[in-house]
>>> print(open('entry.cif').read())   # mmCIF, C-alpha atoms
data_structure
loop_
_atom_site.group_PDB
_atom_site.id
_atom_site.type_symbol
_atom_site.label_atom_id
_atom_site.label_comp_id
_atom_site.auth_asym_id
_atom_site.auth_seq_id
_atom_site.Cartn_x
_atom_site.Cartn_y
_atom_site.Cartn_z
ATOM 1 C CA PRO A 23 0.000 0.000 0.000
ATOM 2 C CA HIS A 24 1.139 3.509 -0.747
ATOM 3 C CA GLY A 25 -0.120 4.942 2.506
ATOM 4 C CA GLN A 26 -2.528 7.826 2.657
ATOM 5 C CA ALA A 27 -1.203 11.291 3.334
ATOM 6 C CA PRO A 28 -1.686 12.166 7.033
ATOM 7 C CA GLY A 29 -4.206 14.958 7.430
ATOM 8 C CA ALA A 30 -2.579 16.592 10.454
ATOM 9 C CA LEU A 31 0.227 18.336 8.543
ATOM 10 C CA PRO A 32 -1.650 21.650 8.076
ATOM 11 C CA TRP A 33 -2.667 21.597 11.739
ATOM 12 C CA GLY A 34 0.897 20.850 12.787
ATOM 13 C CA VAL A 35 2.273 23.699 10.712
ATOM 14 C CA ALA A 36 -0.409 26.029 12.089
ATOM 15 C CA VAL A 37 0.347 25.072 15.710
ATOM 16 C CA LEU A 38 4.094 25.401 15.072
ATOM 17 C CA ALA A 39 3.632 28.858 13.582
ATOM 18 C CA ALA A 40 1.337 29.820 16.459
ATOM 19 C CA GLY A 41 3.943 28.707 18.983
ATOM 20 C CA LEU A 42 6.667 30.779 17.339
ATOM 21 C CA ALA A 43 4.284 33.751 17.147
ATOM 22 C CA VAL A 44 3.413 33.410 20.842
ATOM 23 C CA GLU A 45 7.110 33.372 21.712
ATOM 24 C CA ALA A 46 7.792 36.457 19.611
ATOM 25 C CA TYR A 47 4.828 38.323 21.097
ATOM 26 C CA ALA A 48 5.643 37.298 24.664
ATOM 27 C CA SER A 49 9.253 38.394 24.256
ATOM 28 C CA ARG A 50 8.031 42.016 24.039
ATOM 29 C CA SER A 51 6.789 41.804 27.619
ATOM 30 C CA THR A 52 8.967 43.630 30.099
ATOM 31 C CA GLY A 53 7.496 41.836 33.096
ATOM 32 C CA ALA A 54 9.559 39.450 35.156
ATOM 33 C CA GLY A 55 9.371 35.884 34.019
ATOM 34 C CA PRO A 56 10.424 32.549 35.404
ATOM 35 C CA ARG A 57 14.081 31.762 35.473
ATOM 36 C CA LEU A 58 14.997 28.644 33.591
ATOM 37 C CA PRO A 59 17.205 25.954 35.096
ATOM 38 C CA ALA A 60 20.980 25.956 34.953
ATOM 39 C CA GLY A 61 21.411 29.679 34.609
ATOM 40 C CA LEU A 62 19.500 30.157 31.373
ATOM 41 C CA ALA A 63 18.107 33.540 30.559
ATOM 42 C CA THR A 64 14.812 34.622 32.086
ATOM 43 C CA GLY A 65 11.733 35.218 29.976
ATOM 44 C CA PRO A 66 7.981 35.753 30.175
ATOM 45 C CA ALA A 67 5.800 32.730 30.838
ATOM 46 C CA GLY A 68 4.276 33.198 27.386
ATOM 47 C CA VAL A 69 7.603 32.229 25.847
ATOM 48 C CA LEU A 70 7.491 28.884 27.620
ATOM 49 C CA ALA A 71 3.913 28.383 26.427
ATOM 50 C CA GLY A 72 5.126 29.142 22.917
ATOM 51 C CA TRP A 73 7.798 26.489 23.263
ATOM 52 C CA LEU A 74 5.156 23.932 24.241
ATOM 53 C CA LEU A 75 3.018 24.867 21.241
ATOM 54 C CA THR A 76 6.062 24.582 18.994
ATOM 55 C CA ALA A 77 6.796 21.085 20.291
ATOM 56 C CA LEU A 78 3.156 20.066 19.790
ATOM 57 C CA GLY A 79 3.226 21.426 16.246
ATOM 58 C CA LEU A 80 6.314 19.393 15.382
ATOM 59 C CA ALA A 81 4.726 16.231 16.776
ATOM 60 C CA LEU A 82 1.555 16.820 14.734
ATOM 61 C CA ALA A 83 3.475 17.652 11.563
ATOM 62 C CA GLY A 84 5.873 14.690 11.834
ATOM 63 C CA PRO A 85 3.722 12.111 9.991
ATOM 64 C CA GLY A 86 2.926 14.527 7.174
ATOM 65 C CA LEU A 87 6.581 15.500 6.776
ATOM 66 C CA THR A 88 7.610 11.841 6.718
ATOM 67 C CA HIS A 89 5.007 11.168 4.032
ATOM 68 C CA LEU A 90 6.334 14.173 2.107
ATOM 69 C CA CYS A 91 9.826 12.660 2.215
ATOM 70 C CA GLY A 92 8.453 9.541 0.562
ATOM 71 C CA VAL A 93 6.736 11.586 -2.128
ATOM 72 C CA LEU A 94 9.894 13.575 -2.859
ATOM 73 C CA LEU A 95 11.980 10.415 -3.118
ATOM 74 C CA GLN A 96 9.709 9.269 -5.945
ATOM 75 C CA ALA A 97 9.715 12.595 -7.770
ATOM 76 C CA GLY A 98 10.779 12.704 -11.382
ATOM 77 C CA ARG A 99 11.641 9.339 -12.869
ATOM 78 C CA PRO A 100 12.624 7.216 -9.883
ATOM 79 C CA GLY A 101 14.516 3.977 -10.233
ATOM 80 C CA ALA A 102 13.672 0.860 -8.287
ATOM 81 C CA LEU A 103 15.727 1.993 -5.286
ATOM 82 C CA ARG A 104 14.069 5.402 -4.883
ATOM 83 C CA LEU A 105 10.663 3.935 -5.635
ATOM 84 C CA LEU A 106 11.039 1.295 -2.927
ATOM 85 C CA ALA A 107 12.392 3.750 -0.348
ATOM 86 C CA GLY A 108 9.668 6.283 -1.077
ATOM 87 C CA ARG A 109 6.829 3.786 -0.924
ATOM 88 C CA VAL A 110 8.028 2.437 2.414
ATOM 89 C CA LEU A 111 8.258 5.949 3.883
ATOM 90 C CA MET A 112 4.750 6.755 2.712
ATOM 91 C CA ALA A 113 3.398 3.532 4.193
ATOM 92 C CA GLU A 114 5.172 4.042 7.543
ATOM 93 C CA ALA A 115 4.592 7.788 7.873
ATOM 94 C CA ALA A 116 1.852 7.473 10.478
ATOM 95 C CA ARG A 117 3.879 5.020 12.590
ATOM 96 C CA ILE A 118 7.296 6.685 12.693
ATOM 97 C CA GLY A 119 6.377 10.282 11.858
ATOM 98 C CA ARG A 120 5.090 11.328 15.271
ATOM 99 C CA PRO A 121 8.115 9.979 17.201
ATOM 100 C CA LEU A 122 10.307 11.740 14.650
ATOM 101 C CA GLY A 123 8.486 14.995 15.298
ATOM 102 C CA VAL A 124 8.902 14.564 19.058
ATOM 103 C CA VAL A 125 12.635 13.867 18.663
ATOM 104 C CA CYS A 126 12.878 16.962 16.469
ATOM 105 C CA ALA A 127 11.139 19.024 19.168
ATOM 106 C CA VAL A 128 13.383 17.706 21.947
ATOM 107 C CA LEU A 129 16.557 18.272 19.938
ATOM 108 C CA SER A 130 15.490 21.782 18.971
ATOM 109 C CA ALA A 131 14.741 22.589 22.617
ATOM 110 C CA ALA A 132 18.110 21.160 23.696
ATOM 111 C CA TYR A 133 19.934 23.140 21.009
ATOM 112 C CA ALA A 134 18.101 26.328 21.942
ATOM 113 C CA ALA A 135 18.845 25.774 25.641
ATOM 114 C CA ALA A 136 22.524 25.217 24.892
ATOM 115 C CA THR A 137 22.737 28.478 22.938
ATOM 116 C CA LEU A 138 20.877 30.385 25.663
ATOM 117 C CA GLY A 139 23.351 29.716 28.448
ATOM 118 C CA ASP A 140 23.640 32.764 30.665
ATOM 119 C CA PRO A 141 27.321 33.778 30.670
ATOM 120 C CA GLY A 142 26.927 35.309 34.126
ATOM 121 C CA GLY A 143 24.893 32.450 35.531
ATOM 122 C CA ALA A 144 25.515 28.940 36.645
ATOM 123 C CA SER A 145 26.510 26.252 34.232
ATOM 124 C CA PHE A 146 24.375 23.237 33.554
ATOM 125 C CA GLY A 147 24.132 21.239 36.760
ATOM 126 C CA PRO A 148 24.221 17.441 36.963
ATOM 127 C CA LEU A 149 20.470 17.151 37.622
ATOM 128 C CA THR A 150 19.614 19.342 34.635
ATOM 129 C CA THR A 151 21.975 17.371 32.413
ATOM 130 C CA LEU A 152 20.604 14.062 33.683
ATOM 131 C CA GLY A 153 17.018 15.198 33.127
ATOM 132 C CA GLY A 154 17.785 16.360 29.606
ATOM 133 C CA LEU A 155 19.542 13.103 28.741
ATOM 134 C CA LEU A 156 16.635 11.131 30.189
ATOM 135 C CA VAL A 157 14.069 12.991 28.085
ATOM 136 C CA LEU A 158 16.215 12.668 24.963
ATOM 137 C CA GLY A 159 16.847 8.985 25.626
ATOM 138 C CA CYS A 160 13.141 8.268 26.074
ATOM 139 C CA THR A 161 12.197 10.015 22.848
ATOM 140 C CA VAL A 162 14.937 8.265 20.866
ATOM 141 C CA ALA A 163 13.916 4.923 22.392
ATOM 142 C CA THR A 164 10.318 5.572 21.332
ATOM 143 C CA LEU A 165 11.481 6.314 17.792
ATOM 144 C CA LEU A 166 13.622 3.162 17.668
ATOM 145 C CA THR A 167 10.721 1.088 18.989
ATOM 146 C CA ALA A 168 8.447 2.450 16.267
ATOM 147 C CA ALA A 169 11.116 1.696 13.646
ATOM 148 C CA VAL A 170 11.486 -1.888 14.876
ATOM 149 C CA GLU A 171 7.700 -2.386 14.845
ATOM 150 C CA ALA A 172 7.511 -1.018 11.299
ATOM 151 C CA ARG A 173 10.292 -3.377 10.215
ATOM 152 C CA GLN A 174 8.468 -6.346 11.720
ATOM 153 C CA ILE A 175 5.220 -5.354 10.004
ATOM 154 C CA ARG A 176 6.866 -5.249 6.580
ATOM 155 C CA SER A 177 8.855 -8.466 7.156
ATOM 156 C CA ASP A 178 6.479 -10.409 4.897
ATOM 157 C CA THR A 179 6.949 -7.875 2.114
ATOM 158 C CA THR A 180 10.719 -8.033 2.542
ATOM 159 C CA ALA A 181 10.665 -11.837 2.377
ATOM 160 C CA ALA A 182 8.544 -11.696 -0.770
ATOM 161 C CA LEU A 183 10.998 -9.316 -2.434
ATOM 162 C CA LEU A 184 13.892 -11.612 -1.575
ATOM 163 C CA ARG A 185 12.040 -14.594 -3.026
ATOM 164 C CA LEU A 186 11.473 -12.616 -6.231
ATOM 165 C CA GLY A 187 15.216 -12.105 -6.539
ATOM 166 C CA ALA A 188 15.708 -8.630 -5.076
ATOM 167 C CA PRO A 189 19.297 -8.376 -3.779
ATOM 168 C CA SER A 190 19.680 -7.829 -0.046
ATOM 169 C CA THR A 191 22.092 -4.982 -0.775
ATOM 170 C CA MET A 192 19.254 -3.137 -2.492
ATOM 171 C CA LEU A 193 17.071 -3.444 0.603
ATOM 172 C CA ARG A 194 19.885 -2.102 2.781
ATOM 173 C CA SER A 195 20.499 0.740 0.333
ATOM 174 C CA ALA A 196 16.792 1.600 0.404
ATOM 175 C CA ALA A 197 16.887 1.733 4.213
ATOM 176 C CA ALA A 198 19.939 4.001 4.110
ATOM 177 C CA LEU A 199 18.227 6.210 1.537
ATOM 178 C CA ARG A 200 15.140 6.527 3.751
ATOM 179 C CA ALA A 201 17.267 7.479 6.740
ATOM 180 C CA GLY A 202 19.205 10.016 4.690
ATOM 181 C CA ALA A 203 16.028 11.605 3.354
ATOM 182 C CA LEU A 204 14.594 11.969 6.860
ATOM 183 C CA VAL A 205 17.812 13.498 8.201
ATOM 184 C CA ALA A 206 17.954 15.877 5.223
ATOM 185 C CA LEU A 207 14.466 17.171 6.044
ATOM 186 C CA PHE A 208 14.257 16.983 9.835
ATOM 187 C CA GLY A 209 17.846 18.086 10.491
ATOM 188 C CA PRO A 210 17.577 21.593 8.998
ATOM 189 C CA LEU A 211 14.025 21.887 10.354
ATOM 190 C CA THR A 212 15.314 21.196 13.869
ATOM 191 C CA LEU A 213 18.006 23.864 13.563
ATOM 192 C CA ILE A 214 15.593 26.440 12.125
ATOM 193 C CA VAL A 215 13.010 25.872 14.851
ATOM 194 C CA ALA A 216 15.709 25.967 17.522
ATOM 195 C CA GLU A 217 17.069 29.283 16.258
ATOM 196 C CA LEU A 218 13.597 30.818 16.033
ATOM 197 C CA ALA A 219 12.662 29.495 19.478
ATOM 198 C CA ALA A 220 15.855 30.886 21.017
ATOM 199 C CA LEU A 221 15.423 34.412 19.653
ATOM 200 C CA PRO A 222 12.846 35.611 22.214
ATOM 201 C CA LEU A 223 15.007 34.501 25.150
ATOM 202 C CA GLY A 224 18.282 35.707 23.706
ATOM 203 C CA PRO A 225 20.181 38.686 25.060
ATOM 204 C CA ILE A 226 18.677 42.033 24.178
#
>>> encode(input="entry.cif", output="structure tokens")
Amino acid sequence: PHGQAPGALPWGVAVLAAGLAVEAYASRSTGAGPRLPAGLATGPAGVLAGWLLTALGLALAGPGLTHLCGVLLQAGRPGALRLLAGRVLMAEAARIGRPLGVVCAVLSAAYAAATLGDPGGASFGPLTTLGGLLVLGCTVATLLTAAVEARQIRSDTTAALLRLGAPSTMLRSAAALRAGALVALFGPLTLIVAELAALPLGPI
């Protein structure tokens, strides 16, 4: 099956844009805000709410973006390798897309927090570091679990392809191509969101 395009992509983009807008609007406030852990800069509570909306938007948009990766892999005149990789991404978009969006949100938050270190404040303490690693580890574990489940679900299809004479190297190349396509899309997206999220809490 090709996999139907997830319908939450427009909602995810809208929530993501709303979160960034809330952060930008809240950054104009001159009122005292909560101080973040480990000596990070202070900011209005609305900025933190914007961060939460941004994370929710990425989680909602993840399946649609994963499906889009599959569509782009098949653009033009795809060969068997791109066609196989794209079809698998489209079929698995709903399963692995949301964990990918959550990982993207966590990494963007971690990157933004790292760039917002207060030079005059305390450095990251062991509890803050441990908490961050725990959250990141849980999200990555969720993504890996979803990937393993997806691989088990398509095991029959993989066995059928091997029986039809498809070389195992082609299947591995298709998996590498899928991973590369996802990194090429979600990597820059993570950096862009992190930079935009960090602007309201940056030094004035």
>>> resolve_selection(input="entry.cif", expression="the PyMOL selection byres ((chain A and resi 208) around 9)", output="list in words")
Gly84, Leu87, Thr88, Leu122, Gly123, Cys126, Ala203, Leu204, Val205, Ala206, Leu207, Gly209, Pro210, Leu211, Thr212 and Leu213 of chain A
>>> residues_around(input="entry.cif", residues="stretch 162-175 of chain A", least_positions_apart="6", cutoff="10 Å", atoms="only C-alpha atoms", output="JSON, numbers by chain")
{"A": [110, 113, 114, 115, 117, 118, 119, 120, 121, 122, 123, 124, 125, 126, 128, 156]}
>>> atom_distance(input="entry.cif", atom1="atom CA of A:Tyr133", atom2="atom CA of A:Leu158")
11.8 Å
>>> resolve_selection(input="entry.cif", expression="the PyMOL selection byres ((chain A and resi 32) around 12)", output="ChimeraX atom specification")
/A:27-31,33-39,79-80,82-87
>>> write_last_selection(input="entry.cif", atoms="C-alpha atoms", output="short mmCIF file (atom, residue, chain, number, x, y, z; two decimals), in the frame of the given file")
data_model
loop_
_atom_site.label_atom_id
_atom_site.label_comp_id
_atom_site.auth_asym_id
_atom_site.auth_seq_id
_atom_site.Cartn_x
_atom_site.Cartn_y
_atom_site.Cartn_z
CA ALA A 27 -1.20 11.29 3.33
CA PRO A 28 -1.69 12.17 7.03
CA GLY A 29 -4.21 14.96 7.43
CA ALA A 30 -2.58 16.59 10.45
CA LEU A 31 0.23 18.34 8.54
CA TRP A 33 -2.67 21.60 11.74
CA GLY A 34 0.90 20.85 12.79
CA VAL A 35 2.27 23.70 10.71
CA ALA A 36 -0.41 26.03 12.09
CA VAL A 37 0.35 25.07 15.71
CA LEU A 38 4.09 25.40 15.07
CA ALA A 39 3.63 28.86 13.58
CA GLY A 79 3.23 21.43 16.25
CA LEU A 80 6.31 19.39 15.38
CA LEU A 82 1.56 16.82 14.73
CA ALA A 83 3.48 17.65 11.56
CA GLY A 84 5.87 14.69 11.83
CA PRO A 85 3.72 12.11 9.99
CA GLY A 86 2.93 14.53 7.17
CA LEU A 87 6.58 15.50 6.78
#
>>> closest_residue(input="entry.cif", among="A:Ser130, A:Ile214, A:Arg200, A:Thr161", to="A:Val93", atoms="only C-alpha atoms")
A:Arg200
>>> residues_around(input="entry.cif", residues="A:Trp73", least_positions_apart="3", cutoff="9 Å", atoms="only C-alpha atoms", output="PDB file with C-alpha atoms, in the coordinates of the input")
ATOM      1  CA  GLY A  41       3.943  28.707  18.983  1.00  0.00           C
ATOM      2  CA  LEU A  42       6.667  30.779  17.339  1.00  0.00           C
ATOM      3  CA  VAL A  44       3.413  33.410  20.842  1.00  0.00           C
ATOM      4  CA  GLU A  45       7.110  33.372  21.712  1.00  0.00           C
ATOM      5  CA  GLY A  68       4.276  33.198  27.386  1.00  0.00           C
ATOM      6  CA  VAL A  69       7.603  32.229  25.847  1.00  0.00           C
ATOM      7  CA  LEU A  70       7.491  28.884  27.620  1.00  0.00           C
ATOM      8  CA  THR A  76       6.062  24.582  18.994  1.00  0.00           C
ATOM      9  CA  ALA A  77       6.796  21.085  20.291  1.00  0.00           C
ATOM     10  CA  LEU A  78       3.156  20.066  19.790  1.00  0.00           C
ATOM     11  CA  ALA A 131      14.741  22.589  22.617  1.00  0.00           C
ATOM     12  CA  ALA A 219      12.662  29.495  19.478  1.00  0.00           C
TER      13      ALA A 219
END
>>> closest_residue(input="entry.cif", among="A:Pro100, A:Ala136, A:Gly108, A:Leu95", to="A:Ala220", atoms="only C-alpha atoms")
A:Ala136
>>> closest_residue(input="entry.cif", among="A:Ala97, A:Leu111, A:Ala46, A:Ala181", to="A:Gly72", atoms="only C-alpha atoms")
A:Ala46
>>> atom_distance(input="entry.cif", atom1="atom CA of A:Cys91", atom2="atom CA of A:Thr191")
21.7 Å
>>> closest_atom_pairs(input="entry.cif", of="stretch 79-138 of chain A", to="stretch 186-190 of chain A", cutoff="12 Å", atoms="only C-alpha atoms", output="JSON lines")
{"residue": "A:Ala102", "atom": "CA", "partner": "A:Ala188", "partner_atom": "CA", "distance": 10.2}
{"residue": "A:Leu103", "atom": "CA", "partner": "A:Ala188", "partner_atom": "CA", "distance": 10.6}
{"residue": "A:Leu106", "atom": "CA", "partner": "A:Ala188", "partner_atom": "CA", "distance": 11.2}
>>> build_atoms(input="entry.cif", residues="stretch 175-186 of chain A", atoms="all heavy atoms", output="short mmCIF file (atom, residue, chain, number, x, y, z; two decimals), keeping the file's coordinate frame")
data_model
loop_
_atom_site.label_atom_id
_atom_site.label_comp_id
_atom_site.auth_asym_id
_atom_site.auth_seq_id
_atom_site.Cartn_x
_atom_site.Cartn_y
_atom_site.Cartn_z
N ILE A 175 6.47 -5.34 10.77
CA ILE A 175 5.22 -5.35 10.00
C ILE A 175 5.49 -5.62 8.52
O ILE A 175 4.74 -6.33 7.85
CB ILE A 175 4.46 -4.03 10.21
CG1 ILE A 175 3.89 -3.97 11.63
CG2 ILE A 175 3.35 -3.87 9.19
CD1 ILE A 175 3.24 -2.66 11.96
N ARG A 176 6.58 -5.05 8.00
CA ARG A 176 6.87 -5.25 6.58
C ARG A 176 7.79 -6.45 6.33
O ARG A 176 8.34 -6.59 5.23
CB ARG A 176 7.48 -3.98 5.99
CG ARG A 176 8.85 -3.62 6.46
CD ARG A 176 9.43 -2.45 5.65
NE ARG A 176 10.81 -2.19 6.00
CZ ARG A 176 11.21 -1.39 6.97
NH1 ARG A 176 10.31 -0.74 7.70
NH2 ARG A 176 12.50 -1.22 7.23
N SER A 177 7.97 -7.31 7.32
CA SER A 177 8.86 -8.47 7.16
C SER A 177 8.35 -9.40 6.05
O SER A 177 9.15 -9.97 5.30
CB SER A 177 9.00 -9.23 8.48
OG SER A 177 7.73 -9.68 8.94
N ASP A 178 7.03 -9.55 5.95
CA ASP A 178 6.48 -10.41 4.90
C ASP A 178 6.78 -9.83 3.52
O ASP A 178 7.12 -10.57 2.58
CB ASP A 178 4.97 -10.57 5.09
CG ASP A 178 4.62 -11.38 6.33
OD1 ASP A 178 5.51 -12.11 6.81
OD2 ASP A 178 3.48 -11.27 6.81
N THR A 179 6.64 -8.51 3.39
CA THR A 179 6.95 -7.88 2.11
C THR A 179 8.42 -8.03 1.76
O THR A 179 8.78 -8.30 0.61
CB THR A 179 6.57 -6.39 2.17
OG1 THR A 179 5.19 -6.26 2.49
CG2 THR A 179 6.84 -5.72 0.84
N THR A 180 9.28 -7.87 2.78
CA THR A 180 10.72 -8.03 2.54
C THR A 180 11.04 -9.45 2.10
O THR A 180 11.83 -9.67 1.17
CB THR A 180 11.50 -7.69 3.82
OG1 THR A 180 11.21 -6.34 4.21
CG2 THR A 180 12.99 -7.83 3.60
N ALA A 181 10.43 -10.44 2.76
CA ALA A 181 10.66 -11.84 2.38
C ALA A 181 10.19 -12.10 0.96
O ALA A 181 10.84 -12.84 0.19
CB ALA A 181 9.96 -12.76 3.37
N ALA A 182 9.06 -11.51 0.59
CA ALA A 182 8.54 -11.70 -0.77
C ALA A 182 9.50 -11.10 -1.80
O ALA A 182 9.73 -11.70 -2.86
CB ALA A 182 7.16 -11.07 -0.89
N LEU A 183 10.04 -9.94 -1.50
CA LEU A 183 11.00 -9.32 -2.43
C LEU A 183 12.24 -10.18 -2.60
O LEU A 183 12.79 -10.32 -3.70
CB LEU A 183 11.37 -7.92 -1.94
CG LEU A 183 10.28 -6.85 -2.04
CD1 LEU A 183 10.73 -5.56 -1.36
CD2 LEU A 183 9.93 -6.58 -3.50
N LEU A 184 12.71 -10.75 -1.50
CA LEU A 184 13.89 -11.61 -1.58
C LEU A 184 13.60 -12.87 -2.39
O LEU A 184 14.45 -13.33 -3.17
CB LEU A 184 14.35 -11.98 -0.17
CG LEU A 184 14.94 -10.82 0.67
CD1 LEU A 184 15.25 -11.28 2.09
CD2 LEU A 184 16.20 -10.27 0.01
N ARG A 185 12.40 -13.41 -2.24
CA ARG A 185 12.04 -14.59 -3.03
C ARG A 185 11.95 -14.27 -4.52
O ARG A 185 12.22 -15.12 -5.37
CB ARG A 185 10.71 -15.16 -2.54
CG ARG A 185 10.79 -15.88 -1.20
CD ARG A 185 9.55 -16.74 -0.97
NE ARG A 185 8.34 -15.94 -0.99
CZ ARG A 185 7.79 -15.39 0.09
NH1 ARG A 185 8.38 -15.53 1.27
NH2 ARG A 185 6.68 -14.67 -0.01
N LEU A 186 11.57 -13.03 -4.82
CA LEU A 186 11.47 -12.62 -6.23
C LEU A 186 12.83 -12.27 -6.83
O LEU A 186 12.91 -11.93 -8.01
CB LEU A 186 10.54 -11.41 -6.35
CG LEU A 186 9.05 -11.69 -6.09
CD1 LEU A 186 8.25 -10.39 -6.09
CD2 LEU A 186 8.50 -12.66 -7.13
#
